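For reference, query.txt is printed below; it contains compact mmCIF, C-alpha atoms.
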# COMPACT_ATOMS: atom_id res chain seq x y z
CA MET A 125 0.00 0.00 0.00
CA ASN A 126 1.03 3.61 -0.47
CA VAL A 127 1.15 6.06 2.42
CA THR A 128 1.27 9.78 1.75
CA VAL A 129 3.55 11.53 4.22
CA ARG A 130 2.86 15.27 4.53
CA LEU A 131 5.97 17.24 5.45
CA PHE A 132 6.24 20.61 7.21
CA ALA A 133 8.80 23.30 8.02
CA ARG A 134 12.43 22.19 7.69
CA ALA A 135 11.33 18.69 6.66
CA ARG A 136 9.47 20.12 3.68
CA GLU A 137 12.39 22.38 2.87
CA LEU A 138 14.95 19.56 2.98
CA ALA A 139 12.77 17.20 0.94
CA GLY A 140 11.97 19.92 -1.56
CA GLN A 141 8.32 18.83 -1.57
CA SER A 142 5.31 19.06 0.73
CA GLU A 143 4.49 15.35 0.58
CA VAL A 144 6.16 12.12 -0.34
CA CYS A 145 4.60 8.80 -1.24
CA VAL A 146 6.09 5.80 0.61
CA ASN A 147 5.26 2.22 -0.37
CA VAL A 148 4.83 0.12 2.79
CA PRO A 149 3.31 -3.19 3.89
CA GLU A 150 -0.03 -2.82 5.69
CA GLY A 151 0.22 -2.82 9.50
CA LEU A 152 3.58 -1.04 9.52
CA THR A 153 4.59 0.68 12.76
CA VAL A 154 5.52 4.34 12.99
CA ALA A 155 9.11 3.31 13.78
CA GLU A 156 9.25 1.33 10.56
CA LEU A 157 7.69 4.16 8.56
CA ARG A 158 10.37 6.51 9.91
CA HIS A 159 13.02 4.14 8.57
CA ARG A 160 11.35 3.78 5.17
CA LEU A 161 10.84 7.53 4.88
CA GLY A 162 14.62 7.94 5.23
CA GLN A 163 15.15 5.46 2.41
CA THR A 164 12.63 7.13 0.13
CA CYS A 165 13.85 10.60 0.96
CA PRO A 166 17.56 10.57 1.91
CA GLU A 167 17.60 14.38 2.18
CA LEU A 168 15.72 13.96 5.49
CA LYS A 169 18.54 11.90 7.06
CA SER A 170 19.76 14.58 9.52
CA LEU A 171 16.23 15.35 10.65
CA LEU A 172 14.87 11.78 10.72
CA PRO A 173 15.45 11.02 14.44
CA HIS A 174 13.73 14.30 15.39
CA LEU A 175 10.55 13.91 13.33
CA MET A 176 7.18 13.66 15.06
CA PHE A 177 4.37 11.74 13.37
CA ALA A 178 0.63 12.41 13.43
CA VAL A 179 -2.45 10.63 12.12
CA ASP A 180 -5.89 12.24 12.04
CA ASN A 181 -4.56 15.35 13.82
CA GLU A 182 -3.20 13.36 16.78
CA TYR A 183 0.38 12.55 17.66
CA VAL A 184 1.20 8.83 17.32
CA SER A 185 3.84 6.83 19.18
CA GLU A 186 6.64 4.77 17.64
CA ALA A 187 4.89 1.48 18.35
CA ARG A 188 1.60 2.48 16.72
CA CYS A 189 0.57 0.27 13.80
CA LEU A 190 -0.61 2.35 10.90
CA GLY A 191 -3.25 -0.14 9.72
CA PRO A 192 -5.01 1.04 6.60
CA THR A 193 -3.94 4.65 7.21
CA VAL A 194 -3.23 6.42 3.96
CA GLU A 195 -2.10 9.81 5.20
CA VAL A 196 0.49 10.61 7.86
CA ALA A 197 2.07 13.93 8.85
CA ALA A 198 5.75 14.19 9.72
CA PHE A 199 7.37 17.29 11.15
CA PRO A 200 10.23 18.43 13.38
CA PRO A 201 9.54 19.90 16.86
CA VAL A 202 7.09 22.80 16.86
CA SER A 203 8.00 26.42 17.59
CA GLY A 204 4.80 28.44 17.50
CA GLY A 205 3.82 31.04 20.04
CA MET B 230 0.49 70.52 68.60
CA ASN B 231 -2.43 69.57 66.38
CA VAL B 232 -2.24 66.65 63.97
CA THR B 233 -4.77 66.34 61.19
CA VAL B 234 -5.72 62.70 60.64
CA ARG B 235 -7.22 62.01 57.21
CA LEU B 236 -9.67 59.12 57.23
CA PHE B 237 -10.70 56.81 54.39
CA ALA B 238 -13.26 54.15 53.52
CA ARG B 239 -15.04 52.64 56.56
CA ALA B 240 -13.01 54.84 58.90
CA ARG B 241 -14.37 57.96 57.23
CA GLU B 242 -17.86 56.49 57.22
CA LEU B 243 -17.78 55.59 60.93
CA ALA B 244 -16.32 58.95 61.94
CA GLY B 245 -18.75 60.81 59.75
CA GLN B 246 -15.97 63.09 58.52
CA SER B 247 -12.96 62.89 56.23
CA GLU B 248 -10.49 64.25 58.75
CA VAL B 249 -10.22 64.78 62.47
CA CYS B 250 -7.93 67.08 64.39
CA VAL B 251 -6.11 65.42 67.31
CA ASN B 252 -4.16 67.44 69.88
CA VAL B 253 -0.96 65.61 70.76
CA PRO B 254 2.43 66.30 72.34
CA GLU B 255 5.28 66.62 69.82
CA GLY B 256 7.29 63.41 69.28
CA LEU B 257 4.28 61.16 69.79
CA THR B 258 4.57 57.61 68.42
CA VAL B 259 2.08 56.11 65.97
CA ALA B 260 0.95 53.69 68.71
CA GLU B 261 0.12 56.66 70.94
CA LEU B 262 -1.63 58.50 68.13
CA ARG B 263 -3.79 55.43 67.54
CA HIS B 264 -4.84 55.54 71.19
CA ARG B 265 -5.57 59.28 71.11
CA LEU B 266 -7.51 58.97 67.88
CA GLY B 267 -9.80 56.51 69.64
CA GLN B 268 -10.38 59.01 72.45
CA THR B 269 -11.08 61.88 70.05
CA CYS B 270 -13.27 59.77 67.82
CA PRO B 271 -14.95 56.95 69.81
CA GLU B 272 -16.95 55.90 66.72
CA LEU B 273 -13.71 54.36 65.41
CA LYS B 274 -13.37 51.99 68.37
CA SER B 275 -14.19 48.75 66.49
CA LEU B 276 -11.84 49.64 63.66
CA LEU B 277 -8.99 51.11 65.72
CA PRO B 278 -6.81 47.97 66.00
CA HIS B 279 -7.05 47.46 62.22
CA LEU B 280 -6.07 50.95 61.11
CA MET B 281 -2.91 51.49 59.08
CA PHE B 282 -1.11 54.82 59.31
CA ALA B 283 0.81 56.71 56.64
CA VAL B 284 2.90 59.88 56.54
CA ASP B 285 4.04 61.50 53.30
CA ASN B 286 2.52 58.66 51.26
CA GLU B 287 4.49 55.96 53.10
CA TYR B 288 3.28 53.44 55.64
CA VAL B 289 4.66 54.05 59.13
CA SER B 290 5.25 51.53 61.91
CA GLU B 291 3.83 51.65 65.43
CA ALA B 292 7.14 52.77 66.94
CA ARG B 293 7.61 55.68 64.56
CA CYS B 294 7.84 59.10 66.27
CA LEU B 295 5.73 61.61 64.42
CA GLY B 296 8.04 64.56 65.10
CA PRO B 297 6.68 67.79 63.71
CA THR B 298 4.36 65.92 61.32
CA VAL B 299 1.10 67.78 60.91
CA GLU B 300 -0.78 65.42 58.63
CA VAL B 301 -1.27 61.68 59.00
CA ALA B 302 -3.52 59.28 57.08
CA ALA B 303 -5.39 56.46 58.81
CA PHE B 304 -7.29 53.73 56.99
CA PRO B 305 -8.40 50.11 57.28
CA PRO B 306 -6.80 47.38 55.08
CA VAL B 307 -6.93 48.12 51.37
CA SER B 308 -9.09 46.25 48.86
CA GLY B 309 -8.31 47.67 45.45
CA GLY B 310 -7.72 45.65 42.32
CA MET C 190 2.25 54.95 32.81
CA ILE C 191 0.37 54.99 36.10
CA GLU C 192 -3.09 56.46 36.50
CA LEU C 193 -6.25 56.64 38.55
CA THR C 194 -9.32 57.38 36.48
CA HIS C 195 -13.06 57.79 36.86
CA ASP C 196 -13.57 56.88 33.20
CA PRO C 197 -13.75 53.40 31.68
CA ILE C 198 -10.24 51.96 31.28
CA ASP C 199 -8.88 51.72 27.73
CA TYR C 200 -6.79 48.57 28.19
CA THR C 201 -5.82 48.51 24.51
CA GLN C 202 -4.09 51.85 24.85
CA LEU C 203 -2.46 50.64 28.06
CA THR C 204 -1.20 47.48 26.36
CA GLU C 205 0.15 49.40 23.37
CA ARG C 206 2.22 51.49 25.78
CA VAL C 207 4.23 48.48 26.93
CA ARG C 208 4.72 46.78 23.54
CA SER C 209 8.28 46.91 22.25
CA ASP C 210 10.57 45.31 19.68
CA GLN C 211 12.71 44.25 22.64
CA ALA C 212 9.84 42.30 24.21
CA GLY C 213 8.74 38.83 23.19
CA ALA C 214 5.94 38.70 25.74
CA VAL C 215 3.17 40.92 27.07
CA VAL C 216 0.90 39.96 29.97
CA LEU C 217 -2.19 42.04 30.60
CA PHE C 218 -4.28 41.55 33.72
CA LEU C 219 -7.81 42.91 34.01
CA GLY C 220 -9.78 42.92 37.24
CA THR C 221 -13.50 42.95 36.50
CA VAL C 222 -16.59 43.32 38.68
CA ARG C 223 -17.77 39.77 39.43
CA GLU C 224 -21.41 39.09 40.26
CA MET C 225 -21.08 36.22 42.73
CA THR C 226 -18.89 35.99 45.84
CA GLY C 227 -19.75 32.62 47.31
CA SER C 228 -23.53 32.75 47.53
CA ARG C 229 -23.69 36.56 47.80
CA GLN C 230 -24.70 38.61 44.79
CA THR C 231 -23.06 41.92 43.92
CA LEU C 232 -24.99 44.62 42.06
CA ALA C 233 -22.17 47.15 41.81
CA LEU C 234 -18.94 48.27 43.46
CA ASP C 235 -17.77 51.73 44.51
CA TYR C 236 -14.01 52.32 44.53
CA ASP C 237 -12.39 55.06 46.55
CA ALA C 238 -8.72 55.92 46.98
CA TYR C 239 -6.25 58.07 48.83
CA PRO C 240 -5.09 59.36 45.45
CA GLU C 241 -1.68 60.93 46.20
CA MET C 242 -0.52 57.92 48.19
CA ALA C 243 -2.04 55.42 45.75
CA LEU C 244 -0.10 56.96 42.86
CA ALA C 245 3.10 57.06 44.94
CA GLN C 246 2.68 53.42 45.99
CA MET C 247 1.98 52.29 42.43
CA GLN C 248 5.14 54.09 41.31
CA ARG C 249 7.11 52.27 44.03
CA LEU C 250 5.59 48.99 42.90
CA VAL C 251 6.70 49.61 39.31
CA GLU C 252 10.23 50.34 40.55
CA ASP C 253 10.24 47.13 42.62
CA ILE C 254 9.24 45.17 39.53
CA GLN C 255 11.93 46.82 37.41
CA GLN C 256 14.52 45.78 39.98
CA ARG C 257 13.35 42.16 40.13
CA TRP C 258 12.67 41.38 36.48
CA PRO C 259 14.11 42.64 33.19
CA VAL C 260 10.81 44.17 32.16
CA THR C 261 10.57 46.27 29.02
CA GLY C 262 7.46 48.17 30.09
CA VAL C 263 4.94 48.38 32.93
CA ALA C 264 1.62 50.25 32.99
CA ILE C 265 -1.20 50.39 35.55
CA SER C 266 -4.61 52.03 35.43
CA HIS C 267 -7.06 51.78 38.32
CA ARG C 268 -10.61 53.00 38.06
CA LEU C 269 -12.45 54.84 40.85
CA GLY C 270 -16.11 55.58 41.42
CA HIS C 271 -19.20 53.51 40.68
CA LEU C 272 -18.66 50.31 38.66
CA GLU C 273 -21.31 47.99 37.28
CA LEU C 274 -21.06 44.21 36.83
CA GLY C 275 -18.38 43.28 34.29
CA ASP C 276 -16.71 46.68 34.37
CA ILE C 277 -12.92 46.77 34.51
CA SER C 278 -11.64 48.02 37.86
CA VAL C 279 -7.93 47.65 37.16
CA ALA C 280 -5.70 46.98 34.16
CA ALA C 281 -2.01 46.15 34.51
CA ALA C 282 0.31 45.38 31.60
CA VAL C 283 3.90 44.11 31.69
CA SER C 284 6.22 43.34 28.79
CA SER C 285 9.53 41.49 28.91
CA PRO C 286 11.92 39.61 26.61
CA HIS C 287 10.62 36.17 27.72
CA ARG C 288 7.22 35.00 28.91
CA ALA C 289 8.16 33.63 32.33
CA GLN C 290 9.26 37.11 33.40
CA ALA C 291 6.06 38.75 32.15
CA PHE C 292 3.82 36.23 33.95
CA GLU C 293 5.78 36.46 37.20
CA ALA C 294 5.98 40.24 37.17
CA GLY C 295 2.30 40.58 36.22
CA ARG C 296 1.23 38.30 39.05
CA PHE C 297 3.47 40.11 41.54
CA LEU C 298 2.09 43.45 40.39
CA ILE C 299 -1.55 42.65 41.02
CA ASP C 300 -0.87 40.69 44.23
CA GLU C 301 1.11 43.60 45.70
CA LEU C 302 -1.28 46.25 44.43
CA LYS C 303 -4.03 44.53 46.39
CA VAL C 304 -2.15 44.77 49.67
CA ARG C 305 -0.26 48.03 49.53
CA VAL C 306 -2.02 50.56 47.32
CA PRO C 307 -4.60 52.57 49.31
CA ILE C 308 -7.73 51.91 47.29
CA TRP C 309 -10.90 50.45 48.77
CA LYS C 310 -14.05 48.96 47.36
CA LYS C 311 -17.54 49.07 48.75
CA GLU C 312 -19.89 46.22 47.93
CA ASN C 313 -23.43 47.02 46.84
CA TRP C 314 -25.10 43.70 47.66
CA ALA C 315 -28.27 42.52 45.98
CA ASP C 316 -30.08 42.63 49.35
CA GLY C 317 -29.70 46.41 49.33
CA SER C 318 -26.93 46.64 51.92
CA THR C 319 -23.55 48.19 51.31
CA GLU C 320 -20.25 47.26 52.92
CA TRP C 321 -16.66 48.49 52.70
CA VAL C 322 -14.32 45.58 52.03
CA HIS C 323 -11.39 45.50 54.46
CA PRO C 324 -9.56 42.15 54.44
CA GLY C 325 -9.01 40.84 57.96
CA VAL C 326 -11.58 43.16 59.52
CA PRO C 327 -14.91 41.67 60.62
CA SER C 328 -17.89 42.72 58.53
CA THR C 329 -19.87 45.63 59.80
CA ALA C 330 -22.98 44.76 61.77
CA PRO C 331 -26.16 45.80 59.97
CA ALA C 332 -26.57 48.72 62.34
CA GLU C 333 -23.25 50.12 61.19
CA GLN C 334 -24.09 49.94 57.53
CA GLU C 335 -25.10 53.12 55.80
CA MET D 116 -12.83 31.10 19.95
CA ILE D 117 -9.84 29.51 18.27
CA GLU D 118 -8.34 30.79 15.06
CA LEU D 119 -5.38 30.88 12.74
CA THR D 120 -5.11 34.09 10.76
CA HIS D 121 -2.86 35.78 8.23
CA ASP D 122 -4.13 39.20 9.34
CA PRO D 123 -2.94 41.26 12.30
CA ILE D 124 -4.49 39.94 15.51
CA ASP D 125 -7.20 42.07 17.12
CA TYR D 126 -6.46 41.24 20.75
CA THR D 127 -9.09 43.64 22.02
CA GLN D 128 -11.82 41.69 20.25
CA LEU D 129 -10.29 38.47 21.59
CA THR D 130 -10.27 39.81 25.14
CA GLU D 131 -13.85 41.04 24.91
CA ARG D 132 -14.89 37.50 23.98
CA VAL D 133 -13.77 36.11 27.35
CA ARG D 134 -15.07 38.90 29.59
CA SER D 135 -18.02 37.93 31.74
CA ASP D 136 -19.97 39.07 34.78
CA GLN D 137 -18.98 35.73 36.32
CA ALA D 138 -15.27 36.50 35.97
CA GLY D 139 -13.25 38.67 38.32
CA ALA D 140 -10.03 38.23 36.37
CA VAL D 141 -8.84 38.22 32.77
CA VAL D 142 -5.28 37.37 31.74
CA LEU D 143 -4.22 38.14 28.19
CA PHE D 144 -0.90 36.90 26.83
CA LEU D 145 0.65 38.35 23.68
CA GLY D 146 3.67 36.85 21.96
CA THR D 147 5.47 39.52 19.94
CA VAL D 148 8.39 39.40 17.50
CA ARG D 149 11.51 40.23 19.53
CA GLU D 150 14.56 41.73 17.86
CA MET D 151 17.37 40.19 19.92
CA THR D 152 17.94 36.51 20.79
CA GLY D 153 21.18 36.56 22.74
CA SER D 154 23.52 38.45 20.42
CA ARG D 155 21.66 37.51 17.23
CA GLN D 156 19.40 40.04 15.55
CA THR D 157 16.07 39.11 13.99
CA LEU D 158 14.67 41.09 11.06
CA ALA D 159 11.41 39.18 10.69
CA LEU D 160 9.75 35.80 11.31
CA ASP D 161 7.72 33.57 9.03
CA TYR D 162 5.14 31.33 10.68
CA ASP D 163 3.78 28.22 9.06
CA ALA D 164 1.32 25.64 10.37
CA TYR D 165 -0.33 22.32 9.72
CA PRO D 166 -3.67 24.09 9.96
CA GLU D 167 -6.18 21.26 10.51
CA MET D 168 -4.07 19.67 13.22
CA ALA D 169 -3.13 23.01 14.80
CA LEU D 170 -6.81 23.92 15.20
CA ALA D 171 -7.63 20.45 16.57
CA GLN D 172 -4.75 20.61 19.06
CA MET D 173 -5.73 24.12 20.20
CA GLN D 174 -9.27 22.85 20.77
CA ARG D 175 -7.90 19.96 22.87
CA LEU D 176 -5.79 22.43 24.82
CA VAL D 177 -8.85 24.56 25.61
CA GLU D 178 -10.69 21.44 26.82
CA ASP D 179 -7.73 20.45 29.00
CA ILE D 180 -7.78 23.92 30.57
CA GLN D 181 -11.53 23.78 31.16
CA GLN D 182 -11.05 20.50 33.02
CA ARG D 183 -8.24 21.80 35.22
CA TRP D 184 -9.47 25.28 36.13
CA PRO D 185 -12.93 26.85 36.51
CA VAL D 186 -12.37 29.18 33.59
CA THR D 187 -15.18 31.37 32.34
CA GLY D 188 -13.77 31.84 28.84
CA VAL D 189 -10.73 30.92 26.73
CA ALA D 190 -9.73 32.33 23.35
CA ILE D 191 -6.66 31.81 21.16
CA SER D 192 -5.58 33.47 17.93
CA HIS D 193 -2.30 32.57 16.20
CA ARG D 194 -0.99 34.48 13.25
CA LEU D 195 0.69 32.86 10.24
CA GLY D 196 2.83 34.30 7.44
CA HIS D 197 5.42 37.05 7.49
CA LEU D 198 5.71 39.06 10.73
CA GLU D 199 7.84 42.15 11.32
CA LEU D 200 9.53 43.18 14.57
CA GLY D 201 6.99 43.94 17.30
CA ASP D 202 4.12 42.21 15.51
CA ILE D 203 1.85 39.96 17.57
CA SER D 204 2.30 36.28 16.70
CA VAL D 205 -0.14 34.87 19.24
CA ALA D 206 -2.81 36.18 21.59
CA ALA D 207 -4.39 34.02 24.29
CA ALA D 208 -7.01 35.22 26.75
CA VAL D 209 -8.42 33.43 29.79
CA SER D 210 -11.05 34.63 32.26
CA SER D 211 -11.96 33.08 35.61
CA PRO D 212 -13.66 33.99 38.88
CA HIS D 213 -10.33 34.56 40.71
CA ARG D 214 -6.96 35.76 39.49
CA ALA D 215 -4.79 32.77 40.51
CA GLN D 216 -6.79 30.57 38.15
CA ALA D 217 -6.48 32.99 35.25
CA PHE D 218 -2.70 33.34 35.66
CA GLU D 219 -2.16 29.59 36.01
CA ALA D 220 -4.42 28.70 33.09
CA GLY D 221 -2.91 31.42 30.89
CA ARG D 222 0.61 30.25 31.61
CA PHE D 223 -0.33 26.63 30.98
CA LEU D 224 -2.02 27.59 27.73
CA ILE D 225 0.99 29.29 26.18
CA ASP D 226 3.50 26.75 27.56
CA GLU D 227 1.52 23.85 26.09
CA LEU D 228 0.76 25.63 22.83
CA LYS D 229 4.49 25.97 22.29
CA VAL D 230 5.10 22.23 22.57
CA ARG D 231 2.06 20.58 21.06
CA VAL D 232 0.45 22.79 18.44
CA PRO D 233 2.02 22.20 14.99
CA ILE D 234 3.15 25.71 14.11
CA TRP D 235 6.73 26.59 13.20
CA LYS D 236 8.63 29.80 12.85
CA LYS D 237 11.50 30.60 10.53
CA GLU D 238 14.03 33.19 11.62
CA ASN D 239 15.09 35.87 9.17
CA TRP D 240 18.41 36.85 10.73
CA ALA D 241 20.04 40.22 10.17
CA ASP D 242 22.99 38.50 8.42
CA GLY D 243 20.64 37.50 5.61
CA SER D 244 20.34 33.83 6.55
CA THR D 245 17.06 32.09 7.36
CA GLU D 246 16.50 29.15 9.69
CA TRP D 247 13.52 27.07 10.79
CA VAL D 248 13.35 26.93 14.58
CA HIS D 249 13.00 23.36 15.88
CA PRO D 250 13.74 23.10 19.60
CA GLY D 251 16.15 20.27 20.34
CA VAL D 252 17.29 19.92 16.73
CA PRO D 253 20.77 21.21 15.84
CA SER D 254 20.79 24.33 13.67
CA THR D 255 21.09 23.81 9.97
CA ALA D 256 24.58 24.18 8.55
CA PRO D 257 24.88 27.21 6.24
CA ALA D 258 24.82 24.90 3.19
CA GLU D 259 21.39 23.65 4.23
CA GLN D 260 19.91 27.11 4.56
CA GLU D 261 17.79 28.35 1.75

Rewrite the coordinates I just gave you, this time as structure tokens.
Amino acid sequence: MNVTVRLFARARELAGQSEVCVNVPEGLTVAELRHRLGQTCPELKSLLPHLMFAVDNEYVSEARCLGPTVEVAAFPPVSGG
Amino acid sequence: MNVTVRLFARARELAGQSEVCVNVPEGLTVAELRHRLGQTCPELKSLLPHLMFAVDNEYVSEARCLGPTVEVAAFPPVSGG
Amino acid sequence: MIELTHDPIDYTQLTERVRSDQAGAVVLFLGTVREMTGSRQTLALDYDAYPEMALAQMQRLVEDIQQRWPVTGVAISHRLGHLELGDISVAAAVSSPHRAQAFEAGRFLIDELKVRVPIWKKENWADGSTEWVHPGVPSTAPAEQE
Amino acid sequence: MIELTHDPIDYTQLTERVRSDQAGAVVLFLGTVREMTGSRQTLALDYDAYPEMALAQMQRLVEDIQQRWPVTGVAISHRLGHLELGDISVAAAVSSPHRAQAFEAGRFLIDELKVRVPIWKKENWADGSTEWVHPGVPSTAPAEQE
């Protein structure tokens, strides 16, 4: 299955695009998606360990299985305010 | 000498006037003035132990000698804000 | 800026006074006339002051804050006279480079103002009685109320 | 009221939204664009967001506050886009019966907003470089800067 990963801030800038499509097996964990995102998009290497992931507007932990999720957000630590 | 004591809030209301003139010996302490104020103005009896005194816009302690001070302020605890 | 006023407080103007390119944070506190105190209902409040001393004490308070925190600006406006429910009785604004300083200084400002600045409020209770508020002093007996 | 906006924030309107006869205290926090960070000089900031999630997380934050403190009203407005020195990036207002609650809730609000709401700022430094701010992540090397 294909997961669309939306990128923000420095992640978007490094990748040069606002989303990337990552081909993954169904039931992948967030930790595994992080790894595959680095393979698909090597420009994110320096930022990869710092990225936070979100599904349906909620943060998700490393162990979370993505199930049939088709859209994930990935971004470095926030700095609003 | 005569000291003018300006009264505020419930003190003014109880005394029925905004200032009272108290005849005192020069060099009186604040503690003594408090006592004399009660004699001059018995309506203040219930409030007397709660009154705060000020000279030249500064709070003064019980032991303070009034010296040639001619005006003193006396008021119950503040409640602004 | 420090003021006592009988007019409604313009807290926007007050806040603009403390804004600065050197500040990353502004904290504004408004005190407003609350209807309920426990089970007692307020209709209105009357504020009175010893004006010269109140202004002098507010100035001292600003100086104390400037010594404790690296504030960029401080402004206080306190209203006097008859205030209705919801009216603003006091506005205090503090700006500083970082937010922790602005929150701490703002809290200190209003806490200290309430114990050292000679301003008093008189409750106008819904039962028709009135009562000067003097923390630590027993309430007036009905016979003493005006 | 929760909003993201590209227009200047009207903090007076925001504050009026939380005022209430049931509140004795209002605390307004403004975040403003500060010129100096240590010895580095900022010319401007650009704010970007993941808007759907930012709004959802701000809503969750308001609900968390309503559970912890007896607040009367809460309102948040965050600006996005290009901000000049002194501009307001965020305004957050809280009202409550007593002032301790308003200060605590207001402080919690801005502290939490800064760690959980997906909004990011990019520094425009006076030396001409730009840099996304990501707390805990090493600065970009010059070659990585746009």

Would you list the contacts of range 167-177 of chain A as a ChimeraX atom specification, taking every protein, DNA or RNA residue within 6 Å and counting all atoms listed in the file, but skipping same-chain residues closer than 5 positions in sequence? /A:138-139,162,183-184,197-200

Any chance you could tabulate, as CSV, the residues of chain C at most 8 Å from chain B with each one's nearest atom pair and distance in Å to one decimal, using all atoms listed in the file, in chain and rising number order?
residue,atom,partner,partner_atom,distance
C:Gly220,CA,B:Gly310,CA,6.1
C:Tyr236,CA,B:Gly309,CA,7.4
C:Asp237,CA,B:Ala238,CA,7.1
C:Ala238,CA,B:Phe237,CA,7.7
C:Tyr239,CA,B:Phe237,CA,7.2
C:Glu241,CA,B:Asn286,CA,7.0
C:Met242,CA,B:Asn286,CA,4.4
C:Ala243,CA,B:Asn286,CA,7.9
C:Ala245,CA,B:Asn286,CA,6.5
C:Gln246,CA,B:Asn286,CA,7.4
C:His267,CA,B:Gly310,CA,7.3
C:Ser278,CA,B:Gly310,CA,6.4
C:Val279,CA,B:Gly310,CA,5.5
C:Ile299,CA,B:Gly310,CA,7.0
C:Leu302,CA,B:Gly310,CA,6.8
C:Lys303,CA,B:Gly309,CA,5.4
C:Val304,CA,B:Val307,CA,6.1
C:Arg305,CA,B:Val307,CA,6.9
C:Val306,CA,B:Val307,CA,6.8
C:Pro307,CA,B:Val307,CA,5.4
C:Ile308,CA,B:Gly309,CA,4.7
C:Trp309,CA,B:Ser308,CA,4.6
C:Lys310,CA,B:Ser308,CA,5.8
C:Trp321,CA,B:Arg239,CA,5.9
C:Val322,CA,B:Ser308,CA,6.2
C:His323,CA,B:Pro306,CA,5.0
C:Pro324,CA,B:Pro306,CA,5.9
C:Gly325,CA,B:Pro306,CA,7.5
C:Val326,CA,B:His279,CA,6.8
C:Glu333,CA,B:Leu243,CA,7.7

Kindly provide, as a PyMOL selection string, the residues of chain C having any atom no farther than 6 Å from an atom of chain D, counting only C-alpha atoms. chain C and resi 209-224+274-275

Write out the residues from the selection above, keeping C-alpha atoms, as a compact mmCIF listing (two decimals), in the coordinates of the input.
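What follows is the written file again.txt:
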# COMPACT_ATOMS: atom_id res chain seq x y z
CA SER C 209 8.28 46.91 22.25
CA ASP C 210 10.57 45.31 19.68
CA GLN C 211 12.71 44.25 22.64
CA ALA C 212 9.84 42.30 24.21
CA GLY C 213 8.74 38.83 23.19
CA ALA C 214 5.94 38.70 25.74
CA VAL C 215 3.17 40.92 27.07
CA VAL C 216 0.90 39.96 29.97
CA LEU C 217 -2.19 42.04 30.60
CA PHE C 218 -4.28 41.55 33.72
CA LEU C 219 -7.81 42.91 34.01
CA GLY C 220 -9.78 42.92 37.24
CA THR C 221 -13.50 42.95 36.50
CA VAL C 222 -16.59 43.32 38.68
CA ARG C 223 -17.77 39.77 39.43
CA GLU C 224 -21.41 39.09 40.26
CA LEU C 274 -21.06 44.21 36.83
CA GLY C 275 -18.38 43.28 34.29

How far is it from CA of Ala264 in chain C to CA of Ala220 in chain D, in Å with one decimal?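 Interatomic distance, CA of Ala264 in chain C to CA of Ala220 in chain D: 22.4 Å.
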
Could you check how far CA of Ser318 in chain C sits from CA of His195 in chain C, in Å to one decimal?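 Rounded to one decimal, the two atoms are 23.3 Å apart.
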
Please provide the set of residues having any atom within 12 Å of Thr298 in chain B, restricted to only C-alpha atoms, with same-chain residues fewer than 5 positions apart removed, written as a PDB file with C-alpha atoms, keeping the file's coordinate frame.
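As a result, out.pdb now contains:
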ATOM      1  CA  MET B 230       0.490  70.520  68.600  1.00  0.00           C
ATOM      2  CA  ASN B 231      -2.430  69.570  66.380  1.00  0.00           C
ATOM      3  CA  VAL B 232      -2.240  66.650  63.970  1.00  0.00           C
ATOM      4  CA  THR B 233      -4.770  66.340  61.190  1.00  0.00           C
ATOM      5  CA  VAL B 234      -5.720  62.700  60.640  1.00  0.00           C
ATOM      6  CA  VAL B 253      -0.960  65.610  70.760  1.00  0.00           C
ATOM      7  CA  PRO B 254       2.430  66.300  72.340  1.00  0.00           C
ATOM      8  CA  GLU B 255       5.280  66.620  69.820  1.00  0.00           C
ATOM      9  CA  GLY B 256       7.290  63.410  69.280  1.00  0.00           C
ATOM     10  CA  LEU B 257       4.280  61.160  69.790  1.00  0.00           C
ATOM     11  CA  THR B 258       4.570  57.610  68.420  1.00  0.00           C
ATOM     12  CA  VAL B 259       2.080  56.110  65.970  1.00  0.00           C
ATOM     13  CA  LEU B 262      -1.630  58.500  68.130  1.00  0.00           C
ATOM     14  CA  ALA B 283       0.810  56.710  56.640  1.00  0.00           C
ATOM     15  CA  VAL B 284       2.900  59.880  56.540  1.00  0.00           C
ATOM     16  CA  ASP B 285       4.040  61.500  53.300  1.00  0.00           C
ATOM     17  CA  ARG B 293       7.610  55.680  64.560  1.00  0.00           C
TER      18      ARG B 293
END

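The spacing separating CA of Val301 in chain B from CA of Leu250 in chain C amounts to 21.6 Å.
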